[in-house]
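Working notes, beginning with the structure itself.
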Amino acid sequence: MINHLITQKNWQTQLSTVITSVDELLSLLNLESLRTQIYIPAHFELRVPRAFVGKMKKGDANDPLLQQVLPNKQEQLAVTGYVADPLAENEQNPIQGLLHKYQSRVLLTVTGACAIHCRYCFRQHFDYSANMPKSEAKDNIKAYIAQHPEINEVILSGGDPLSVSNRRLFAWLDILESMSQLTTIRLHTRLPLVIPERLDNEMLERLAQSRCQIVMVVHCNHANEIDSNTAEYLQRARSAGITLLNQTVLLEGINDDVATQVALSQRLFAAGVLPYYLHVLDKVAGAAHFDKEEAAAVQLYWRLLAELPGYLVPKLVRELPNRPFKVPIDIYKQV
Ligand code: SF4
């Protein structure tokens, strides 16, 4: 019991003491010289957990984990085709807190908070304050799901749904499990990679007891994100009967080469996670410098097919507005 409370405190303490100061981050990494390259937009500040910083290499300005979180002046550039809401999610928001993009699944934005701010995030301009389900909205959400019998799966997303307390998370689980039409509850989260202790015993035990199938889709972009501690927590989740999948965003200069993608798939598998999606970048304003040309992504993909067993090759997809599924990229078009 005491150990459990210590662990509980630990992840919440980590969450409340994330680094938000660029000066502190650069100082910890001995990279003060990068200060002149920094630009922090008001809508999306620096935010990175200390445990994630601990996986970065000191003195390396090109560290692939640092590059994902360090705001820089390229974010100011207005690039044609890169917009605030690249997936037109504001048009698929039938009621507050619920997105209905795909036939049998709905997504709930249970919180706007994240443990980490990923500079390429397609929801960085999303108006969470207008889209978070308030307590009275839960009845509306239940009613909406009941009126759509084709819905059998609910995705808890955000923000990061695991940044809320177990009490709030379990309240959502109770509601969803009470609806007999739902068979699956999915959690989309980056927290297991950036604060692995979030996968605490209390939550894993609750998820293990669910009458629904629980799928956790983590978000990991580079093998360096999975150290031995992270792998151990992921394995615990797997032992609790949770199906673990990963989605990756293909990021220029960070994970856009074959060796990096192969290492990522292998490290994920060793930690009990199967690669699920490799997304090309959603064209969100401020993130154009992360984008990889589709032709280069296809070339990379053919090499992955050659080097990895099929079960370790994620699906190469692009998300497009108003499409009822993630669109597979045609790898034959450019052979
Ligand atoms: S954790 Fe996910 S939702 Fe949060 S900033 Fe990163 S990509 Fe966006």
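If you're wondering about the labels, chains in the structure tokens are A, B, ... by order shown, residues count from 1 in each chain, ligands from 1 in order shown.
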
Counting only C-alpha atoms and all ligand atoms, what residues are within 6 Å of ligand 1, given as a ChimeraX atom specification?
/A:114,116-118,121,123,158-160,190

Who sits within 12 Å of Gly241 in chain A, only C-alpha atoms, same chain under 6 positions skipped, as a list in words:
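Residues near the query, excluding close chain neighbours: Leu204, Glu205, Arg206, Leu207, Ala208, Gln209, Ser210, Arg211, Cys212, Gln213, Ile214, Val215, Met216, Leu234, Gln235 and Gly272 of chain A.
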
Given the selection you just returned, output its residues as a file containing N, CA and C atoms, formatted as a short mmCIF file (atom, residue, chain, number, x, y, z; two decimals), in the first residue's frame.
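Full text of again28.cif as output:
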```
data_model
loop_
_atom_site.label_atom_id
_atom_site.label_comp_id
_atom_site.auth_asym_id
_atom_site.auth_seq_id
_atom_site.Cartn_x
_atom_site.Cartn_y
_atom_site.Cartn_z
N LEU A 204 -3.58 -0.10 -13.78
CA LEU A 204 -3.50 -1.36 -14.53
C LEU A 204 -4.49 -2.39 -14.00
N GLU A 205 -4.65 -2.41 -12.67
CA GLU A 205 -5.61 -3.36 -12.10
C GLU A 205 -7.04 -3.02 -12.54
N ARG A 206 -7.34 -1.73 -12.57
CA ARG A 206 -8.68 -1.32 -13.01
C ARG A 206 -8.91 -1.68 -14.47
N LEU A 207 -7.93 -1.44 -15.30
CA LEU A 207 -8.07 -1.75 -16.73
C LEU A 207 -8.19 -3.26 -16.93
N ALA A 208 -7.45 -4.01 -16.13
CA ALA A 208 -7.49 -5.48 -16.26
C ALA A 208 -8.87 -6.03 -15.93
N GLN A 209 -9.60 -5.30 -15.08
CA GLN A 209 -10.92 -5.79 -14.66
C GLN A 209 -12.04 -5.35 -15.61
N SER A 210 -11.71 -4.55 -16.58
CA SER A 210 -12.78 -4.00 -17.44
C SER A 210 -13.51 -5.12 -18.18
N ARG A 211 -14.80 -4.94 -18.37
CA ARG A 211 -15.54 -5.92 -19.18
C ARG A 211 -15.27 -5.67 -20.67
N CYS A 212 -14.73 -4.49 -21.00
CA CYS A 212 -14.41 -4.19 -22.39
C CYS A 212 -12.97 -4.61 -22.71
N GLN A 213 -12.72 -4.76 -24.00
CA GLN A 213 -11.33 -4.96 -24.42
C GLN A 213 -10.62 -3.61 -24.32
N ILE A 214 -9.43 -3.63 -23.74
CA ILE A 214 -8.70 -2.37 -23.58
C ILE A 214 -7.52 -2.36 -24.54
N VAL A 215 -7.48 -1.33 -25.34
CA VAL A 215 -6.37 -1.13 -26.28
C VAL A 215 -5.68 0.17 -25.89
N MET A 216 -4.37 0.10 -25.74
CA MET A 216 -3.61 1.32 -25.47
C MET A 216 -2.70 1.58 -26.66
N LEU A 234 5.93 -0.85 -19.71
CA LEU A 234 5.10 -1.30 -20.84
C LEU A 234 4.80 -2.80 -20.71
N GLN A 235 5.81 -3.55 -20.29
CA GLN A 235 5.59 -4.99 -20.11
C GLN A 235 4.56 -5.26 -19.03
N GLY A 272 6.96 -5.29 -25.74
CA GLY A 272 5.59 -5.81 -25.75
C GLY A 272 4.62 -4.98 -26.56
#
```

Name the residues in contact with Asn224 in chain A at a cut-off of 9 Å, using only C-alpha atoms, excluding same-chain residues fewer than 5 positions from it; report them as JSON, numbers by chain.
{"A": [55, 56, 64, 65, 264, 267]}

Choose the residue, out of A:Ile141, A:Leu107, A:Ala231, A:Tyr301, that has the smallest atom-to-atom separation from Ile95 in chain A; count only C-alpha atoms.
A:Ile141
